[in-house]
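Trainee: Pasting a structure below so you can have a look.
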Amino acid sequence: MKHVKKLLALLLALMMVLSMAACGSSGDSTDTTSTDDTTATDDADATEDADAEATDDTTTEETSSSGNDTLVASVTGLEQKFSPFFAASVDDVNVSDMTQLYLMSGDRVGEPVLNGIEGETRSYNGTDYTYYGPADVTVTENDDGTVTYSIVMREDIQFSDGTYADIDDVIFTMYVFLDPTYDGSTTLYSAPIVGLDAYRSGMSSLYTLLIAAGEDNTDFTYWDEATQTAFWTEGLPAAGAAFAQSIVDYCLTNYLSDDYAAYIGSTADEISTDEGLQVAFGMVMWGFAEGVNDEGLFVDSMGNTYDMANGEYPTTADYWNCLCAAYGDDYDTMSDTEAASSGLYTYLDSTYTAGVETGDSADYIEGIVRTGDYSMEVTTSELDATFIYYLEIPITPMAYYGDESLYDYDNHSFGFTKGDLSGIKEKTSAPMGAGPYMFNDYSNGVVYMEANPYYFLGEAKTKYLNFQEITSEDDKITAVVTGTVDIADPSYSAERAAEIKTYNSNGELEGDVLTTYLYDFRGYGYIGICADNVKVGDDPSSEESKNLRKAFATIFAVYRDESVDSYYGETASVINYPISSTSWAAPQVTDDGYQVCYSTDLEGNAIYTDDMSVDEKYAAALETALEYFEAAGYTVENGVITAAPEGASLTYTVHIGGSGTGDHPSFLLLSNASDALATIGITLDINDHANASELYAAYQSGEADMWVAAWQASTDPDMYQLYHSEGSTNYYCIDDDDLDELIMTARQSTDQTFRKTLYKSAMEIILDWGVEVPVYQRSENYIVSTERVNTDTITPDMTPYWSWMAEVYLIEMN
């Protein structure tokens, strides 16, 4: 996801990511070496539909694993937005996904499965798996430059109420996502579908128009003055307070501990029972308060003070005022940047989210064509390699979410009134679909689900599935051990790995009490170097500037192994290319030309040999770095740098978010690098930020020379945003015509082998610029009760795109 402040959690927990990780894939797979007669498929991005009926009192009071007919999984925090259209938080999406079946899905590395009906067999880690889905997709590149995606559905898909799905349900779903007033997180509306702009033009949400007009507007063509006054005095402030509360809730769920509570002079126990302290905690954790000053007063980001010792606390309205002060009238950027889960506008009353006609608009989308009861075509105006992923949409029941009486394809009516999604939003807390489970109820932090008897791959082996809130990371392991839940996903570290081992009699991660499933995180940790700030002269692209950055990169790279191992142990590995190793585009050690990054000298010769000791490698790296500095124009006398060339410096600063205490997997690396560089006359200052927002500001503003963070990869390895000269998050300030051409060429091809070759070349340019040092790929995990769950039925070879939820319908209890 797109939210920047949401990254605070991972950074304070020693990691920062730019987006949410997916829980799995929407495809279905079968290990073709298995002797199980059941056709096994995986639907991880496709979650099940919900049945609106509540269970009886006995069921809703049950909050723990209750025997061999119920599987209980932990979640961190639920917003109860379980809609396939409007779910935003990871946990809400997981709940929704269990009720949904997705039109198209991907495999264990996120590669799309285009032949879902008959299935596609692909190898992963030496094992063949067959992936199934509800549809086939054929891609045709037309002579006029357009691309047509032909979709054919299975004819036996049933929703959880027993009714059959057809292509009209898919068309209805697409039109909801493409409606001019749609304000959920799915971005299908940004795809280059032919005729989409004409359909979305001439109509806007009322709140969009009100914000654009401003509080002092005097033109009441589209609304009256009373509506405008109510919006600015009641509607928006109420939504803003709810938006602020959602951030507070997120911080409480993810960060409430005595260490962080100390920022407001309190304890975790005190905060957990005091609403005023909770708001203060959320503000300081999100960077909108300074904390408690020397006089014992709480100070917010506007300089307002609160005497909390005497019962004076900030409110969510105060928090909203701080947000407004920081962003002025730019509510869109505020929502996009600060949202912990749902955006600001999702908290507005439906009065303000309704569509208002402001001009001419097409009443249908030319590029979406129904070709049969179970088939359709979608045509895009250009070839976009990422568009195929947009087809990973749920097949939602129009009869439940929409109004079948309003569906008339030939007369351009698609199951709801254009610009009015109120009926769909009314179903937000009770999802329904064709997934493996159907929603029964939510009560006291627990979602109750029941197997969908009509699931197209067969009814789930375990009848009931519960998702139960476990808000503290520290409690997740014990929750599985004690039987509160059966599956959990504690944040993984060397310490937690050691804890897991203590519960098993064999002292291993897999034993008689707990079974641990490890998989690589979808992102990776790195060190960034800003080309505009670390350069020689005025040209960041010159060989001298590149040599300067590669001098630092060579030193950083050699200390990665010790730093990562000391922090993560066996739970992370060092990587050598600026891409997550979970991506299908990531170079493999066995590939021709694979090499350790920044391990060569000026002539391209390897600086390390297999028989070198660790200290010898450190010495070789330092010697090579000195050569790079000298080639950059630095003056070297007797092995020590005495002067810097014009535009360069003898001192640089690297920013890191180690909570001000060095608590970060790359902190030891930086310390060692700083010490080594000092011996040759270069000062590397380490700025360890206690508040993550200061780190964000440092590199996003272009102020930082260097910084430490982590990316979370998207399913498609498109590099435009990060590395293209016009990319919105190109904080490296890399500007290379050859790189831009490679990125754009890769975007315009659907040939994966060709694209992988292009991305390899692109990564070599990035490394040659010396603007990024890949550091580590860490592990994530699921722990399962060996005692209560038949672990032989848990999906094997999990990845970020393929979790246990991908084949949840195969899981059996002991």
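How things are named: the first chain in the structure tokens is A, the next is B, and so on; residues count from 1 in each chain; ligands count from 1 in the order shown.
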Applying 10 Å and only C-alpha atoms, which residues near segment 429-433 of chain A remain after dropping the ones on its own chain fewer than 2 positions away? List them as a PyMOL selection string.
Mentor: chain A and resi 46-54+79-87+92+95-102+158-161+165+394-398+400-401+425-427+435-442+452+455
Trainee: Counting only C-alpha atoms, which residues of segment 135-179 of chain A sit at most 6 Å from some atom of segment 363-377 of chain A, and what is each one's closest atom pair with its distance in Å to one decimal, listed by chain and rising residue number, as a Markdown table?
Mentor:
```
| residue | atom | partner | partner_atom | distance |
| --- | --- | --- | --- | --- |
| A:Tyr149 | CA | A:Glu377 | CA | 5.5 |
| A:Ser150 | CA | A:Glu377 | CA | 4.5 |
| A:Ile151 | CA | A:Met376 | CA | 5.3 |
| A:Val152 | CA | A:Ser375 | CA | 4.4 |
| A:Met153 | CA | A:Tyr374 | CA | 5.2 |
| A:Asp166 | CA | A:Tyr374 | CA | 5.4 |
| A:Ile167 | CA | A:Tyr374 | CA | 4.7 |
```
Trainee: My list of candidates is A:Thr173, A:Thr745, A:Thr70, A:Thr791. Which is closest to Leu758 of chain A when distances are computed with only C-alpha atoms?
Mentor: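 Comparing A:Thr173, A:Thr745, A:Thr70, A:Thr791 against Leu758 of chain A, the winner is A:Thr745.
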Trainee: Identify, on the basis of only C-alpha atoms, every residue whose closest approach to segment 233-248 of chain A does not exceed 10 Å; exclude the query and any residue fewer than 2 positions from it along the same chain; express the result as a PyMOL selection string.
Mentor: chain A and resi 5-6+79+207+211+215+227-231+250-253+275+278-286+315-324+331+335+338-349+351-352
Trainee: Name the residues in contact with segment 297-300 of chain A at a cut-off of 8 Å, using only C-alpha atoms, excluding same-chain residues fewer than 3 positions from it; report them as a PyMOL selection string.
Mentor: chain A and resi 264+280+283-284+288-294+303-308+322
Trainee: Go ahead and write the residues just picked, N, CA and C atoms, as a JSON list (two decimals), in the first residue's frame.
Mentor:
```
[["chain", "number", "residue", "atom", "x", "y", "z"],
["A", 264, "ILE", "N", 5.80, 9.38, 26.10],
["A", 264, "ILE", "CA", 4.83, 10.31, 26.69],
["A", 264, "ILE", "C", 4.82, 10.18, 28.21],
["A", 280, "ALA", "N", -2.48, 10.73, 22.68],
["A", 280, "ALA", "CA", -1.13, 11.29, 22.80],
["A", 280, "ALA", "C", -0.09, 10.31, 22.27],
["A", 283, "MET", "N", -0.19, 10.22, 18.48],
["A", 283, "MET", "CA", 0.38, 11.43, 17.89],
["A", 283, "MET", "C", 1.91, 11.40, 17.91],
["A", 284, "VAL", "N", 2.48, 10.98, 19.01],
["A", 284, "VAL", "CA", 3.93, 10.99, 19.10],
["A", 284, "VAL", "C", 4.55, 9.89, 18.24],
["A", 288, "PHE", "N", 3.48, 13.55, 15.12],
["A", 288, "PHE", "CA", 2.70, 14.77, 15.24],
["A", 288, "PHE", "C", 2.67, 15.29, 16.67],
["A", 289, "ALA", "N", 3.70, 14.94, 17.41],
["A", 289, "ALA", "CA", 3.88, 15.48, 18.75],
["A", 289, "ALA", "C", 5.34, 15.31, 19.14],
["A", 290, "GLU", "N", 5.81, 16.21, 19.97],
["A", 290, "GLU", "CA", 7.20, 16.15, 20.43],
["A", 290, "GLU", "C", 7.35, 15.27, 21.67],
["A", 291, "GLY", "N", 6.24, 14.93, 22.31],
["A", 291, "GLY", "CA", 6.30, 14.16, 23.54],
["A", 291, "GLY", "C", 6.20, 15.06, 24.75],
["A", 292, "VAL", "N", 6.71, 14.61, 25.87],
["A", 292, "VAL", "CA", 6.65, 15.37, 27.13],
["A", 292, "VAL", "C", 7.92, 16.18, 27.29],
["A", 293, "ASN", "N", 7.76, 17.50, 27.54],
["A", 293, "ASN", "CA", 8.92, 18.37, 27.67],
["A", 293, "ASN", "C", 9.46, 18.37, 29.10],
["A", 294, "ASP", "N", 10.47, 19.19, 29.33],
["A", 294, "ASP", "CA", 11.13, 19.23, 30.63],
["A", 294, "ASP", "C", 10.19, 19.70, 31.74],
["A", 303, "GLY", "N", 2.80, 22.95, 18.65],
["A", 303, "GLY", "CA", 3.31, 23.67, 19.79],
["A", 303, "GLY", "C", 2.32, 23.82, 20.92],
["A", 304, "ASN", "N", 1.12, 23.26, 20.77],
["A", 304, "ASN", "CA", 0.13, 23.29, 21.85],
["A", 304, "ASN", "C", 0.59, 22.38, 22.99],
["A", 305, "THR", "N", 0.32, 22.79, 24.21],
["A", 305, "THR", "CA", 0.73, 21.99, 25.36],
["A", 305, "THR", "C", -0.49, 21.48, 26.13],
["A", 306, "TYR", "N", -0.29, 20.32, 26.77],
["A", 306, "TYR", "CA", -1.36, 19.67, 27.52],
["A", 306, "TYR", "C", -0.77, 19.16, 28.84],
["A", 307, "ASP", "N", -1.41, 19.53, 29.93],
["A", 307, "ASP", "CA", -0.96, 19.11, 31.25],
["A", 307, "ASP", "C", -1.63, 17.78, 31.57],
["A", 308, "MET", "N", -1.09, 16.71, 31.02],
["A", 308, "MET", "CA", -1.74, 15.40, 31.17],
["A", 308, "MET", "C", -1.72, 14.92, 32.62],
["A", 322, "CYS", "N", -3.70, 19.15, 13.91],
["A", 322, "CYS", "CA", -2.27, 19.03, 13.64],
["A", 322, "CYS", "C", -2.03, 18.53, 12.22]]
```
Trainee: Atom CA of Val176 of chain A and atom CA of Asp384 of chain A are how many Å apart?
Mentor: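 The value is 22.1 Å.
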Trainee: Please report, as JSON, numbers by chain, each residue of segment 138-296 of chain A to which DSSP assigns helix (DSSP H, G or I) when run on this structure's backbone.
Mentor: {"A": [167, 168, 169, 170, 171, 172, 173, 174, 175, 176, 177, 178, 188, 189, 190, 196, 197, 198, 199, 200, 206, 207, 208, 209, 210, 211, 212, 213, 225, 226, 227, 228, 229, 230, 231, 232, 233, 234, 235, 236, 237, 238, 239, 240, 241, 242, 243, 244, 245, 246, 247, 248, 249, 250, 251, 252, 253, 254, 255, 258, 259, 260, 261, 262, 263, 264, 268, 269, 270, 271, 272, 275, 276, 277, 278, 279, 280, 281, 282, 283, 284, 285]}
Trainee: Based on the selection just made, write C-alpha atoms of those residues as a CSV table (one decimal), in the first residue's frame.
Mentor:
```
chain,number,residue,atom,x,y,z
A,167,ILE,CA,-19.7,-12.9,-16.7
A,168,ASP,CA,-22.3,-10.3,-15.7
A,169,ASP,CA,-21.1,-10.6,-12.1
A,170,VAL,CA,-17.6,-9.8,-13.3
A,171,ILE,CA,-18.8,-6.8,-15.4
A,172,PHE,CA,-20.7,-5.5,-12.4
A,173,THR,CA,-17.6,-5.9,-10.2
A,174,MET,CA,-15.4,-4.0,-12.7
A,175,TYR,CA,-17.9,-1.1,-13.1
A,176,VAL,CA,-17.9,-0.7,-9.3
A,177,PHE,CA,-14.1,-0.4,-9.2
A,178,LEU,CA,-14.3,2.0,-12.2
A,188,LEU,CA,-8.2,-0.5,-11.6
A,189,TYR,CA,-9.4,3.0,-12.6
A,190,SER,CA,-5.8,4.0,-13.4
A,196,LEU,CA,-12.4,4.7,-19.3
A,197,ASP,CA,-11.6,8.4,-19.3
A,198,ALA,CA,-14.8,9.2,-21.1
A,199,TYR,CA,-16.8,7.2,-18.6
A,200,ARG,CA,-15.2,8.7,-15.5
A,206,LEU,CA,-19.4,15.7,-3.9
A,207,TYR,CA,-16.6,15.9,-1.4
A,208,THR,CA,-14.1,16.2,-4.2
A,209,LEU,CA,-15.9,19.2,-5.6
A,210,LEU,CA,-16.4,20.8,-2.2
A,211,ILE,CA,-12.7,20.6,-1.4
A,212,ALA,CA,-11.7,21.9,-4.7
A,213,ALA,CA,-14.1,24.9,-4.3
A,225,GLU,CA,-24.8,26.8,0.8
A,226,ALA,CA,-26.2,24.7,3.7
A,227,THR,CA,-24.5,21.6,2.4
A,228,GLN,CA,-21.2,23.4,2.0
A,229,THR,CA,-21.4,24.8,5.5
A,230,ALA,CA,-22.2,21.4,7.0
A,231,PHE,CA,-19.3,19.8,5.2
A,232,TRP,CA,-16.7,22.2,6.5
A,233,THR,CA,-18.1,22.5,10.0
A,234,GLU,CA,-19.3,19.0,10.6
A,235,GLY,CA,-18.7,16.5,7.9
A,236,LEU,CA,-15.0,16.9,7.2
A,237,PRO,CA,-14.0,17.5,10.9
A,238,ALA,CA,-15.9,14.3,11.9
A,239,ALA,CA,-14.2,12.3,9.2
A,240,GLY,CA,-10.9,13.9,10.2
A,241,ALA,CA,-11.3,12.9,13.8
A,242,ALA,CA,-12.2,9.3,12.8
A,243,PHE,CA,-9.2,9.3,10.5
A,244,ALA,CA,-7.0,10.4,13.4
A,245,GLN,CA,-8.5,7.7,15.6
A,246,SER,CA,-7.6,5.1,13.0
A,247,ILE,CA,-4.0,6.1,13.2
A,248,VAL,CA,-4.2,6.0,17.0
A,249,ASP,CA,-5.7,2.5,16.8
A,250,TYR,CA,-3.0,1.3,14.4
A,251,CYS,CA,-0.3,2.6,16.8
A,252,LEU,CA,-1.9,0.9,19.8
A,253,THR,CA,-2.2,-2.3,17.9
A,254,ASN,CA,1.3,-2.4,16.6
A,255,TYR,CA,3.6,-0.4,19.0
A,258,ASP,CA,6.7,0.3,27.8
A,259,ASP,CA,9.7,1.3,25.6
A,260,TYR,CA,7.5,3.5,23.3
A,261,ALA,CA,5.1,4.5,26.1
A,262,ALA,CA,8.1,6.3,27.7
A,263,TYR,CA,7.9,8.9,24.9
A,264,ILE,CA,4.8,10.3,26.7
A,268,ALA,CA,1.8,0.5,28.3
A,269,ASP,CA,-0.7,-0.5,31.0
A,270,GLU,CA,-1.7,3.1,31.7
A,271,ILE,CA,-2.1,3.9,28.0
A,272,SER,CA,-4.3,0.8,27.3
A,275,GLU,CA,-8.3,7.3,25.8
A,276,GLY,CA,-6.5,10.6,26.3
A,277,LEU,CA,-3.1,8.9,26.7
A,278,GLN,CA,-3.9,6.7,23.7
A,279,VAL,CA,-4.4,9.8,21.5
A,280,ALA,CA,-1.1,11.3,22.8
A,281,PHE,CA,0.6,8.0,22.1
A,282,GLY,CA,-0.7,7.9,18.6
A,283,MET,CA,0.4,11.4,17.9
A,284,VAL,CA,3.9,11.0,19.1
A,285,MET,CA,4.4,7.7,17.3
```
Trainee: Would you mind writing down, as a PyMOL selection string, each residue of segment 328-436 of chain A that DSSP on the backbone assigns to strand (DSSP E or B)?
Mentor: chain A and resi 355-357+368-372+375-380+394+407-408+413-414
Trainee: Could you list, as a list in words, every residue within 8 Å of Ala73 of chain A, counting only C-alpha atoms and ignoring same-chain residues fewer than 5 positions away?
Mentor: Leu465, Asn466, Phe467, Gln468, Val485, Asp486, Ile487 and Ala488 of chain A
Trainee: Go ahead and save the residues from that selection, with all heavy atoms, as a PDB file, in the first residue's frame.
Mentor:
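For reference, again35.pdb as written:
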```
ATOM      1  N   LEU A 465     -13.695 -21.627  10.437  1.00  0.00           N
ATOM      2  CA  LEU A 465     -12.465 -20.849  10.452  1.00  0.00           C
ATOM      3  C   LEU A 465     -12.728 -19.565  11.220  1.00  0.00           C
ATOM      4  O   LEU A 465     -13.666 -18.826  10.904  1.00  0.00           O
ATOM      5  CB  LEU A 465     -12.028 -20.516   9.014  1.00  0.00           C
ATOM      6  CG  LEU A 465     -10.862 -19.526   8.861  1.00  0.00           C
ATOM      7  CD1 LEU A 465      -9.571 -20.101   9.436  1.00  0.00           C
ATOM      8  CD2 LEU A 465     -10.675 -19.150   7.381  1.00  0.00           C
ATOM      9  N   ASN A 466     -11.922 -19.310  12.244  1.00  0.00           N
ATOM     10  CA  ASN A 466     -12.034 -18.075  13.018  1.00  0.00           C
ATOM     11  C   ASN A 466     -10.766 -17.246  12.850  1.00  0.00           C
ATOM     12  O   ASN A 466      -9.659 -17.793  12.770  1.00  0.00           O
ATOM     13  CB  ASN A 466     -12.205 -18.362  14.518  1.00  0.00           C
ATOM     14  CG  ASN A 466     -13.504 -19.074  14.836  1.00  0.00           C
ATOM     15  OD1 ASN A 466     -14.378 -19.204  13.983  1.00  0.00           O
ATOM     16  ND2 ASN A 466     -13.623 -19.550  16.069  1.00  0.00           N
ATOM     17  N   PHE A 467     -10.933 -15.941  12.788  1.00  0.00           N
ATOM     18  CA  PHE A 467      -9.799 -15.020  12.872  1.00  0.00           C
ATOM     19  C   PHE A 467      -9.928 -14.268  14.184  1.00  0.00           C
ATOM     20  O   PHE A 467     -10.923 -13.582  14.421  1.00  0.00           O
ATOM     21  CB  PHE A 467      -9.811 -14.029  11.704  1.00  0.00           C
ATOM     22  CG  PHE A 467      -9.392 -14.626  10.398  1.00  0.00           C
ATOM     23  CD1 PHE A 467     -10.337 -15.048   9.479  1.00  0.00           C
ATOM     24  CD2 PHE A 467      -8.047 -14.771  10.087  1.00  0.00           C
ATOM     25  CE1 PHE A 467      -9.959 -15.596   8.262  1.00  0.00           C
ATOM     26  CE2 PHE A 467      -7.658 -15.322   8.868  1.00  0.00           C
ATOM     27  CZ  PHE A 467      -8.619 -15.734   7.960  1.00  0.00           C
ATOM     28  N   GLN A 468      -8.932 -14.400  15.047  1.00  0.00           N
ATOM     29  CA  GLN A 468      -9.003 -13.810  16.382  1.00  0.00           C
ATOM     30  C   GLN A 468      -7.905 -12.787  16.590  1.00  0.00           C
ATOM     31  O   GLN A 468      -6.740 -13.016  16.268  1.00  0.00           O
ATOM     32  CB  GLN A 468      -8.876 -14.897  17.449  1.00  0.00           C
ATOM     33  CG  GLN A 468      -8.910 -14.340  18.868  1.00  0.00           C
ATOM     34  CD  GLN A 468      -9.180 -15.407  19.906  1.00  0.00           C
ATOM     35  OE1 GLN A 468      -9.764 -16.435  19.597  1.00  0.00           O
ATOM     36  NE2 GLN A 468      -8.763 -15.156  21.131  1.00  0.00           N
ATOM     37  N   VAL A 485      -5.050 -19.782  19.677  1.00  0.00           N
ATOM     38  CA  VAL A 485      -5.137 -19.837  18.215  1.00  0.00           C
ATOM     39  C   VAL A 485      -4.308 -21.024  17.732  1.00  0.00           C
ATOM     40  O   VAL A 485      -3.488 -21.577  18.473  1.00  0.00           O
ATOM     41  CB  VAL A 485      -4.624 -18.539  17.554  1.00  0.00           C
ATOM     42  CG1 VAL A 485      -5.454 -17.342  17.992  1.00  0.00           C
ATOM     43  CG2 VAL A 485      -3.151 -18.299  17.849  1.00  0.00           C
ATOM     44  N   ASP A 486      -4.524 -21.382  16.480  1.00  0.00           N
ATOM     45  CA  ASP A 486      -3.802 -22.507  15.891  1.00  0.00           C
ATOM     46  C   ASP A 486      -2.697 -22.063  14.943  1.00  0.00           C
ATOM     47  O   ASP A 486      -1.728 -22.784  14.726  1.00  0.00           O
ATOM     48  CB  ASP A 486      -4.770 -23.414  15.122  1.00  0.00           C
ATOM     49  CG  ASP A 486      -5.894 -23.938  15.997  1.00  0.00           C
ATOM     50  OD1 ASP A 486      -5.583 -24.491  17.073  1.00  0.00           O
ATOM     51  OD2 ASP A 486      -7.065 -23.770  15.615  1.00  0.00           O
ATOM     52  N   ILE A 487      -2.857 -20.882  14.351  1.00  0.00           N
ATOM     53  CA  ILE A 487      -1.876 -20.333  13.406  1.00  0.00           C
ATOM     54  C   ILE A 487      -1.653 -18.867  13.748  1.00  0.00           C
ATOM     55  O   ILE A 487      -2.610 -18.129  13.999  1.00  0.00           O
ATOM     56  CB  ILE A 487      -2.366 -20.446  11.951  1.00  0.00           C
ATOM     57  CG1 ILE A 487      -2.559 -21.909  11.557  1.00  0.00           C
ATOM     58  CG2 ILE A 487      -1.379 -19.793  10.992  1.00  0.00           C
ATOM     59  CD1 ILE A 487      -3.087 -22.086  10.140  1.00  0.00           C
ATOM     60  N   ALA A 488      -0.383 -18.458  13.762  1.00  0.00           N
ATOM     61  CA  ALA A 488      -0.062 -17.053  14.034  1.00  0.00           C
ATOM     62  C   ALA A 488       1.132 -16.643  13.189  1.00  0.00           C
ATOM     63  O   ALA A 488       1.850 -17.487  12.639  1.00  0.00           O
ATOM     64  CB  ALA A 488       0.223 -16.835  15.513  1.00  0.00           C
TER      65      ALA A 488
END
```
